[in-house]
$ cat target19.pdb   # PDB, N, CA and C atoms and all ligand atoms
MODEL        1
ATOM      1  N   MET A   1     112.111 122.560 246.514  1.00  0.00           N
ATOM      2  CA  MET A   1     113.295 123.311 246.083  1.00  0.00           C
ATOM      3  C   MET A   1     113.920 122.641 244.859  1.00  0.00           C
ATOM      4  N   ASN A   2     114.398 123.460 243.930  1.00  0.00           N
ATOM      5  CA  ASN A   2     115.064 122.899 242.756  1.00  0.00           C
ATOM      6  C   ASN A   2     116.586 123.069 242.868  1.00  0.00           C
ATOM      7  N   CYS A   3     117.295 122.619 241.834  1.00  0.00           N
ATOM      8  CA  CYS A   3     118.760 122.656 241.859  1.00  0.00           C
ATOM      9  C   CYS A   3     119.286 124.087 242.021  1.00  0.00           C
ATOM     10  N   LYS A   4     118.632 125.030 241.359  1.00  0.00           N
ATOM     11  CA  LYS A   4     119.043 126.430 241.460  1.00  0.00           C
ATOM     12  C   LYS A   4     118.959 126.917 242.897  1.00  0.00           C
ATOM     13  N   GLY A   5     117.863 126.544 243.567  1.00  0.00           N
ATOM     14  CA  GLY A   5     117.655 126.933 244.953  1.00  0.00           C
ATOM     15  C   GLY A   5     118.736 126.365 245.860  1.00  0.00           C
ATOM     16  N   VAL A   6     119.117 125.111 245.592  1.00  0.00           N
ATOM     17  CA  VAL A   6     120.166 124.474 246.390  1.00  0.00           C
ATOM     18  C   VAL A   6     121.466 125.260 246.245  1.00  0.00           C
ATOM     19  N   ILE A   7     121.804 125.591 245.005  1.00  0.00           N
ATOM     20  CA  ILE A   7     123.060 126.309 244.752  1.00  0.00           C
ATOM     21  C   ILE A   7     123.015 127.698 245.385  1.00  0.00           C
ATOM     22  N   ARG A   8     121.831 128.325 245.329  1.00  0.00           N
ATOM     23  CA  ARG A   8     121.696 129.659 245.907  1.00  0.00           C
ATOM     24  C   ARG A   8     121.889 129.630 247.430  1.00  0.00           C
ATOM     25  N   GLU A   9     121.405 128.551 248.069  1.00  0.00           N
ATOM     26  CA  GLU A   9     121.462 128.457 249.531  1.00  0.00           C
ATOM     27  C   GLU A   9     122.685 127.685 250.015  1.00  0.00           C
ATOM     28  N   LEU A  10     123.519 127.257 249.066  1.00  0.00           N
ATOM     29  CA  LEU A  10     124.618 126.344 249.391  1.00  0.00           C
ATOM     30  C   LEU A  10     125.553 126.870 250.475  1.00  0.00           C
ATOM     31  N   SER A  11     125.992 128.093 250.330  1.00  0.00           N
ATOM     32  CA  SER A  11     126.967 128.612 251.302  1.00  0.00           C
ATOM     33  C   SER A  11     126.335 128.753 252.689  1.00  0.00           C
ATOM     34  N   ASN A  12     125.066 129.178 252.729  1.00  0.00           N
ATOM     35  CA  ASN A  12     124.358 129.267 254.010  1.00  0.00           C
ATOM     36  C   ASN A  12     124.190 127.883 254.628  1.00  0.00           C
ATOM     37  N   TYR A  13     123.908 126.901 253.766  1.00  0.00           N
ATOM     38  CA  TYR A  13     123.714 125.529 254.233  1.00  0.00           C
ATOM     39  C   TYR A  13     125.004 125.001 254.869  1.00  0.00           C
ATOM     40  N   ILE A  14     126.119 125.232 254.203  1.00  0.00           N
ATOM     41  CA  ILE A  14     127.403 124.737 254.702  1.00  0.00           C
ATOM     42  C   ILE A  14     127.821 125.504 255.960  1.00  0.00           C
ATOM     43  N   ASP A  15     127.510 126.776 255.988  1.00  0.00           N
ATOM     44  CA  ASP A  15     127.821 127.579 257.177  1.00  0.00           C
ATOM     45  C   ASP A  15     126.911 127.244 258.354  1.00  0.00           C
ATOM     46  N   GLY A  16     125.838 126.486 258.081  1.00  0.00           N
ATOM     47  CA  GLY A  16     124.881 126.138 259.117  1.00  0.00           C
ATOM     48  C   GLY A  16     123.981 127.311 259.487  1.00  0.00           C
ATOM     49  N   GLU A  17     123.863 128.271 258.564  1.00  0.00           N
ATOM     50  CA  GLU A  17     123.063 129.465 258.844  1.00  0.00           C
ATOM     51  C   GLU A  17     121.698 129.418 258.172  1.00  0.00           C
ATOM     52  N   LEU A  18     121.359 128.230 257.692  1.00  0.00           N
ATOM     53  CA  LEU A  18     120.116 128.108 256.950  1.00  0.00           C
ATOM     54  C   LEU A  18     118.930 127.949 257.894  1.00  0.00           C
ATOM     55  N   ASP A  19     117.826 128.578 257.502  1.00  0.00           N
ATOM     56  CA  ASP A  19     116.561 128.428 258.220  1.00  0.00           C
ATOM     57  C   ASP A  19     116.172 126.947 258.245  1.00  0.00           C
ATOM     58  N   ALA A  20     115.686 126.474 259.387  1.00  0.00           N
ATOM     59  CA  ALA A  20     115.381 125.052 259.571  1.00  0.00           C
ATOM     60  C   ALA A  20     114.484 124.496 258.468  1.00  0.00           C
ATOM     61  N   VAL A  21     113.491 125.299 258.060  1.00  0.00           N
ATOM     62  CA  VAL A  21     112.547 124.855 257.026  1.00  0.00           C
ATOM     63  C   VAL A  21     113.255 124.737 255.684  1.00  0.00           C
ATOM     64  N   VAL A  22     114.068 125.752 255.353  1.00  0.00           N
ATOM     65  CA  VAL A  22     114.800 125.755 254.082  1.00  0.00           C
ATOM     66  C   VAL A  22     115.801 124.601 254.068  1.00  0.00           C
ATOM     67  N   LYS A  23     116.433 124.385 255.206  1.00  0.00           N
ATOM     68  CA  LYS A  23     117.415 123.307 255.321  1.00  0.00           C
ATOM     69  C   LYS A  23     116.756 121.960 255.044  1.00  0.00           C
ATOM     70  N   GLN A  24     115.569 121.780 255.605  1.00  0.00           N
ATOM     71  CA  GLN A  24     114.832 120.538 255.414  1.00  0.00           C
ATOM     72  C   GLN A  24     114.504 120.336 253.931  1.00  0.00           C
ATOM     73  N   GLU A  25     114.065 121.427 253.274  1.00  0.00           N
ATOM     74  CA  GLU A  25     113.758 121.368 251.841  1.00  0.00           C
ATOM     75  C   GLU A  25     114.999 121.007 251.044  1.00  0.00           C
ATOM     76  N   LEU A  26     116.104 121.639 251.401  1.00  0.00           N
ATOM     77  CA  LEU A  26     117.363 121.411 250.702  1.00  0.00           C
ATOM     78  C   LEU A  26     117.814 119.963 250.854  1.00  0.00           C
ATOM     79  N   GLU A  27     117.743 119.456 252.089  1.00  0.00           N
ATOM     80  CA  GLU A  27     118.178 118.086 252.340  1.00  0.00           C
ATOM     81  C   GLU A  27     117.253 117.082 251.656  1.00  0.00           C
ATOM     82  N   HIS A  28     115.971 117.449 251.578  1.00  0.00           N
ATOM     83  CA  HIS A  28     115.015 116.604 250.871  1.00  0.00           C
ATOM     84  C   HIS A  28     115.385 116.529 249.390  1.00  0.00           C
ATOM     85  N   HIS A  29     115.799 117.662 248.830  1.00  0.00           N
ATOM     86  CA  HIS A  29     116.229 117.695 247.435  1.00  0.00           C
ATOM     87  C   HIS A  29     117.505 116.871 247.252  1.00  0.00           C
ATOM     88  N   LEU A  30     118.454 117.030 248.180  1.00  0.00           N
ATOM     89  CA  LEU A  30     119.726 116.301 248.093  1.00  0.00           C
ATOM     90  C   LEU A  30     119.492 114.798 248.099  1.00  0.00           C
ATOM     91  N   ALA A  31     118.464 114.357 248.833  1.00  0.00           N
ATOM     92  CA  ALA A  31     118.185 112.934 248.979  1.00  0.00           C
ATOM     93  C   ALA A  31     117.889 112.263 247.640  1.00  0.00           C
ATOM     94  N   HIS A  32     117.378 113.042 246.685  1.00  0.00           N
ATOM     95  CA  HIS A  32     117.052 112.421 245.392  1.00  0.00           C
ATOM     96  C   HIS A  32     117.735 113.091 244.217  1.00  0.00           C
ATOM     97  N   CYS A  33     118.688 113.997 244.469  1.00  0.00           N
ATOM     98  CA  CYS A  33     119.398 114.646 243.369  1.00  0.00           C
ATOM     99  C   CYS A  33     120.903 114.421 243.530  1.00  0.00           C
ATOM    100  N   GLU A  34     121.434 113.529 242.697  1.00  0.00           N
ATOM    101  CA  GLU A  34     122.862 113.198 242.776  1.00  0.00           C
ATOM    102  C   GLU A  34     123.743 114.394 242.444  1.00  0.00           C
ATOM    103  N   ASP A  35     123.315 115.174 241.457  1.00  0.00           N
ATOM    104  CA  ASP A  35     124.108 116.332 241.033  1.00  0.00           C
ATOM    105  C   ASP A  35     124.362 117.285 242.191  1.00  0.00           C
ATOM    106  N   CYS A  36     123.287 117.604 242.909  1.00  0.00           N
ATOM    107  CA  CYS A  36     123.421 118.552 244.013  1.00  0.00           C
ATOM    108  C   CYS A  36     124.210 117.949 245.170  1.00  0.00           C
ATOM    109  N   THR A  37     124.010 116.639 245.430  1.00  0.00           N
ATOM    110  CA  THR A  37     124.787 115.969 246.475  1.00  0.00           C
ATOM    111  C   THR A  37     126.271 116.094 246.160  1.00  0.00           C
ATOM    112  N   MET A  38     126.613 115.909 244.873  1.00  0.00           N
ATOM    113  CA  MET A  38     128.000 115.998 244.444  1.00  0.00           C
ATOM    114  C   MET A  38     128.528 117.430 244.643  1.00  0.00           C
ATOM    115  N   ILE A  39     127.697 118.405 244.271  1.00  0.00           N
ATOM    116  CA  ILE A  39     128.113 119.809 244.405  1.00  0.00           C
ATOM    117  C   ILE A  39     128.351 120.150 245.875  1.00  0.00           C
ATOM    118  N   VAL A  40     127.437 119.700 246.735  1.00  0.00           N
ATOM    119  CA  VAL A  40     127.585 119.971 248.170  1.00  0.00           C
ATOM    120  C   VAL A  40     128.861 119.315 248.700  1.00  0.00           C
ATOM    121  N   ASP A  41     129.081 118.052 248.308  1.00  0.00           N
ATOM    122  CA  ASP A  41     130.284 117.334 248.751  1.00  0.00           C
ATOM    123  C   ASP A  41     131.546 118.049 248.301  1.00  0.00           C
ATOM    124  N   GLN A  42     131.566 118.429 247.012  1.00  0.00           N
ATOM    125  CA  GLN A  42     132.742 119.094 246.451  1.00  0.00           C
ATOM    126  C   GLN A  42     133.016 120.419 247.164  1.00  0.00           C
ATOM    127  N   THR A  43     131.940 121.153 247.408  1.00  0.00           N
ATOM    128  CA  THR A  43     132.094 122.460 248.059  1.00  0.00           C
ATOM    129  C   THR A  43     132.614 122.281 249.479  1.00  0.00           C
ATOM    130  N   LYS A  44     132.071 121.288 250.183  1.00  0.00           N
ATOM    131  CA  LYS A  44     132.531 121.008 251.546  1.00  0.00           C
ATOM    132  C   LYS A  44     134.017 120.655 251.546  1.00  0.00           C
ATOM    133  N   LYS A  45     134.415 119.807 250.579  1.00  0.00           N
ATOM    134  CA  LYS A  45     135.819 119.386 250.488  1.00  0.00           C
ATOM    135  C   LYS A  45     136.716 120.582 250.206  1.00  0.00           C
ATOM    136  N   THR A  46     136.262 121.447 249.279  1.00  0.00           N
ATOM    137  CA  THR A  46     137.039 122.637 248.937  1.00  0.00           C
ATOM    138  C   THR A  46     137.231 123.514 250.163  1.00  0.00           C
ATOM    139  N   ILE A  47     136.165 123.669 250.939  1.00  0.00           N
ATOM    140  CA  ILE A  47     136.241 124.495 252.147  1.00  0.00           C
ATOM    141  C   ILE A  47     137.181 123.851 253.164  1.00  0.00           C
ATOM    142  N   GLU A  48     137.107 122.517 253.287  1.00  0.00           N
ATOM    143  CA  GLU A  48     138.011 121.810 254.200  1.00  0.00           C
ATOM    144  C   GLU A  48     139.459 122.036 253.809  1.00  0.00           C
ATOM    145  N   ILE A  49     139.725 121.982 252.488  1.00  0.00           N
ATOM    146  CA  ILE A  49     141.090 122.196 251.995  1.00  0.00           C
ATOM    147  C   ILE A  49     141.538 123.621 252.324  1.00  0.00           C
ATOM    148  N   LEU A  50     140.640 124.574 252.124  1.00  0.00           N
ATOM    149  CA  LEU A  50     140.948 125.972 252.423  1.00  0.00           C
ATOM    150  C   LEU A  50     141.229 126.159 253.909  1.00  0.00           C
ATOM    151  N   CYS A  51     140.434 125.473 254.749  1.00  0.00           N
ATOM    152  CA  CYS A  51     140.626 125.573 256.193  1.00  0.00           C
ATOM    153  C   CYS A  51     141.923 124.892 256.603  1.00  0.00           C
ATOM    154  N   ASP A  52     142.231 123.768 255.924  1.00  0.00           N
ATOM    155  CA  ASP A  52     143.467 123.053 256.231  1.00  0.00           C
ATOM    156  C   ASP A  52     144.692 123.885 255.903  1.00  0.00           C
ATOM    157  N   SER A  53     144.576 124.738 254.890  1.00  0.00           N
ATOM    158  CA  SER A  53     145.738 125.521 254.473  1.00  0.00           C
ATOM    159  C   SER A  53     145.994 126.679 255.430  1.00  0.00           C
ATOM    160  N   GLN A  54     144.997 126.967 256.276  1.00  0.00           N
ATOM    161  CA  GLN A  54     145.137 128.049 257.252  1.00  0.00           C
ATOM    162  C   GLN A  54     146.303 127.798 258.225  1.00  0.00           C
ATOM    163  N   PRO A  55     146.346 126.607 258.865  1.00  0.00           N
ATOM    164  CA  PRO A  55     147.462 126.351 259.787  1.00  0.00           C
ATOM    165  C   PRO A  55     148.823 126.410 259.102  1.00  0.00           C
ATOM    166  N   VAL A  56     148.841 126.094 257.780  1.00  0.00           N
ATOM    167  CA  VAL A  56     150.106 126.126 257.051  1.00  0.00           C
ATOM    168  C   VAL A  56     150.646 127.549 257.017  1.00  0.00           C
ATOM    169  N   SER A  57     149.758 128.516 256.712  1.00  0.00           N
ATOM    170  CA  SER A  57     150.201 129.905 256.664  1.00  0.00           C
ATOM    171  C   SER A  57     150.558 130.397 258.059  1.00  0.00           C
ATOM    172  N   LEU A  58     149.856 129.854 259.068  1.00  0.00           N
ATOM    173  CA  LEU A  58     150.168 130.210 260.453  1.00  0.00           C
ATOM    174  C   LEU A  58     151.544 129.698 260.833  1.00  0.00           C
ATOM    175  N   SER A  59     151.807 128.409 260.455  1.00  0.00           N
ATOM    176  CA  SER A  59     153.084 127.828 260.830  1.00  0.00           C
ATOM    177  C   SER A  59     154.221 128.493 260.050  1.00  0.00           C
ATOM    178  N   THR A  60     153.911 129.017 258.860  1.00  0.00           N
ATOM    179  CA  THR A  60     154.912 129.771 258.115  1.00  0.00           C
ATOM    180  C   THR A  60     155.271 131.033 258.887  1.00  0.00           C
ATOM    181  N   ASP A  61     154.247 131.640 259.458  1.00  0.00           N
ATOM    182  CA  ASP A  61     154.451 132.840 260.265  1.00  0.00           C
ATOM    183  C   ASP A  61     155.290 132.504 261.501  1.00  0.00           C
ATOM    184  N   VAL A  62     154.916 131.390 262.145  1.00  0.00           N
ATOM    185  CA  VAL A  62     155.655 130.944 263.328  1.00  0.00           C
ATOM    186  C   VAL A  62     157.105 130.654 262.963  1.00  0.00           C
ATOM    187  N   ARG A  63     157.285 130.010 261.802  1.00  0.00           N
ATOM    188  CA  ARG A  63     158.628 129.648 261.360  1.00  0.00           C
ATOM    189  C   ARG A  63     159.478 130.894 261.115  1.00  0.00           C
ATOM    190  N   SER A  64     158.862 131.894 260.481  1.00  0.00           N
ATOM    191  CA  SER A  64     159.628 133.108 260.191  1.00  0.00           C
ATOM    192  C   SER A  64     159.981 133.841 261.479  1.00  0.00           C
ATOM    193  N   ARG A  65     159.065 133.772 262.470  1.00  0.00           N
ATOM    194  CA  ARG A  65     159.359 134.397 263.760  1.00  0.00           C
ATOM    195  C   ARG A  65     160.470 133.639 264.479  1.00  0.00           C
ATOM    196  N   LEU A  66     160.437 132.311 264.319  1.00  0.00           N
ATOM    197  CA  LEU A  66     161.463 131.456 264.921  1.00  0.00           C
ATOM    198  C   LEU A  66     162.826 131.789 264.315  1.00  0.00           C
ATOM    199  N   HIS A  67     162.838 131.960 262.994  1.00  0.00           N
ATOM    200  CA  HIS A  67     164.077 132.325 262.295  1.00  0.00           C
ATOM    201  C   HIS A  67     164.593 133.664 262.799  1.00  0.00           C
ATOM    202  N   GLU A  68     163.657 134.576 263.005  1.00  0.00           N
ATOM    203  CA  GLU A  68     164.025 135.908 263.477  1.00  0.00           C
ATOM    204  C   GLU A  68     164.671 135.814 264.864  1.00  0.00           C
ATOM    205  N   THR A  69     164.040 135.011 265.727  1.00  0.00           N
ATOM    206  CA  THR A  69     164.567 134.807 267.086  1.00  0.00           C
ATOM    207  C   THR A  69     165.944 134.170 267.021  1.00  0.00           C
ATOM    208  N   LEU A  70     166.074 133.177 266.148  1.00  0.00           N
ATOM    209  CA  LEU A  70     167.365 132.491 266.013  1.00  0.00           C
ATOM    210  C   LEU A  70     168.439 133.456 265.520  1.00  0.00           C
ATOM    211  N   ARG A  71     168.051 134.320 264.562  1.00  0.00           N
ATOM    212  CA  ARG A  71     168.991 135.308 264.025  1.00  0.00           C
ATOM    213  C   ARG A  71     169.454 136.255 265.125  1.00  0.00           C
ATOM    214  N   GLU A  72     168.477 136.684 265.954  1.00  0.00           N
ATOM    215  CA  GLU A  72     168.815 137.572 267.070  1.00  0.00           C
ATOM    216  C   GLU A  72     169.793 136.893 268.021  1.00  0.00           C
ATOM    217  N   LYS A  73     169.481 135.617 268.312  1.00  0.00           N
ATOM    218  CA  LYS A  73     170.314 134.879 269.273  1.00  0.00           C
ATOM    219  C   LYS A  73     171.709 134.659 268.713  1.00  0.00           C
ATOM    220  N   THR A  74     171.757 134.261 267.442  1.00  0.00           N
ATOM    221  CA  THR A  74     173.072 134.009 266.848  1.00  0.00           C
ATOM    222  C   THR A  74     173.830 135.322 266.674  1.00  0.00           C
ATOM    223  N   GLY A  75     173.085 136.419 266.498  1.00  0.00           N
ATOM    224  CA  GLY A  75     173.705 137.723 266.356  1.00  0.00           C
ATOM    225  C   GLY A  75     174.340 138.187 267.662  1.00  0.00           C
ATOM    226  N   GLN A  76     173.719 137.749 268.766  1.00  0.00           N
ATOM    227  CA  GLN A  76     174.262 138.132 270.071  1.00  0.00           C
ATOM    228  C   GLN A  76     175.483 137.326 270.448  1.00  0.00           C
ATOM    229  N   LYS A  77     175.600 136.170 269.796  1.00  0.00           N
ATOM    230  CA  LYS A  77     176.739 135.311 270.120  1.00  0.00           C
ATOM    231  C   LYS A  77     178.051 135.963 269.672  1.00  0.00           C
ATOM    232  N   PRO A  78     179.025 135.998 270.499  1.00  0.00           N
ATOM    233  CA  PRO A  78     180.316 136.527 270.068  1.00  0.00           C
ATOM    234  C   PRO A  78     181.004 135.572 269.102  1.00  0.00           C
ATOM    235  N   THR A  79     181.541 136.092 268.055  1.00  0.00           N
ATOM    236  CA  THR A  79     182.180 135.241 267.061  1.00  0.00           C
ATOM    237  C   THR A  79     183.702 135.291 267.208  1.00  0.00           C
TER     238      THR A  79
HETATM  239 ZN    ZN A 101     119.476 119.187 242.368  1.00  0.00          ZN
ENDMDL
END
$ encode --input "target19.pdb" --output "structure tokens" --more "lines below"
Ligand SMILES: [Zn+2]
Amino acid sequence: MNCKGVIRELSNYIDGELDAVVKQELEHHLAHCEDCTMIVDQTKKTIEILCDSQPVSLSTDVRSRLHETLREKTGQKPT
């Protein structure tokens, strides 16, 4: 496999959906190609960052719901 092949299969490789034989070829290429190792690392990190940002948007949702609940509760309070 060459560098182009690695890039073409990159997302499947990271998703773990790669055929065992193709995966072996890809990893064999990574073992001696620094450029592709770097690309794989960078892509993995980017995906990790994207996944990490998921809970943030979730907690924003939770926070807004919490605010809504608080507003309801404070609204029920007699002033
Ligand atoms: Zn390469």
$ atom_distance --input "target19.pdb" --atom1 "atom CA of A:Arg63" --atom2 "atom N of A:Cys51"
19.8 Å
$ closest_residue --input "target19.pdb" --among "A:Ile14, A:Met1, A:Leu50, A:Cys36" --to "ligand ZN 101 (chain A)" --atoms "only C-alpha atoms and all ligand atoms"
A:Cys36
$ residues_near_ligand --input "target19.pdb" --ligand "ligand ZN 101 (chain A)" --cutoff "5 Å" --atoms "all atoms listed in the file" --output "list in words"
Asn2, Cys3, Cys33 and Cys36 of chain A
$ select_by_dssp --input "target19.pdb" --residues "stretch 2-35 of chain A" --states "helix (DSSP H, G or I)" --output "number ranges by chain"
A: 3-15, 20-32, 34-35
$ atom_distance --input "target19.pdb" --atom1 "atom C of A:Val22" --atom2 "atom C of A:Val40"
15.1 Å
$ axis_aligned_box --input "target19.pdb" --around "stretch 12-15 of chain A" --padding-each-side "4 Å" --output "lines of an AutoDock Vina configuration file"
center_x = 125.8
center_y = 127.0
center_z = 255.5
size_x = 12.1
size_y = 12.5
size_z = 13.6
$ atom_distance --input "target19.pdb" --atom1 "atom CA of A:Leu26" --atom2 "atom C of A:Asp41"
14.8 Å
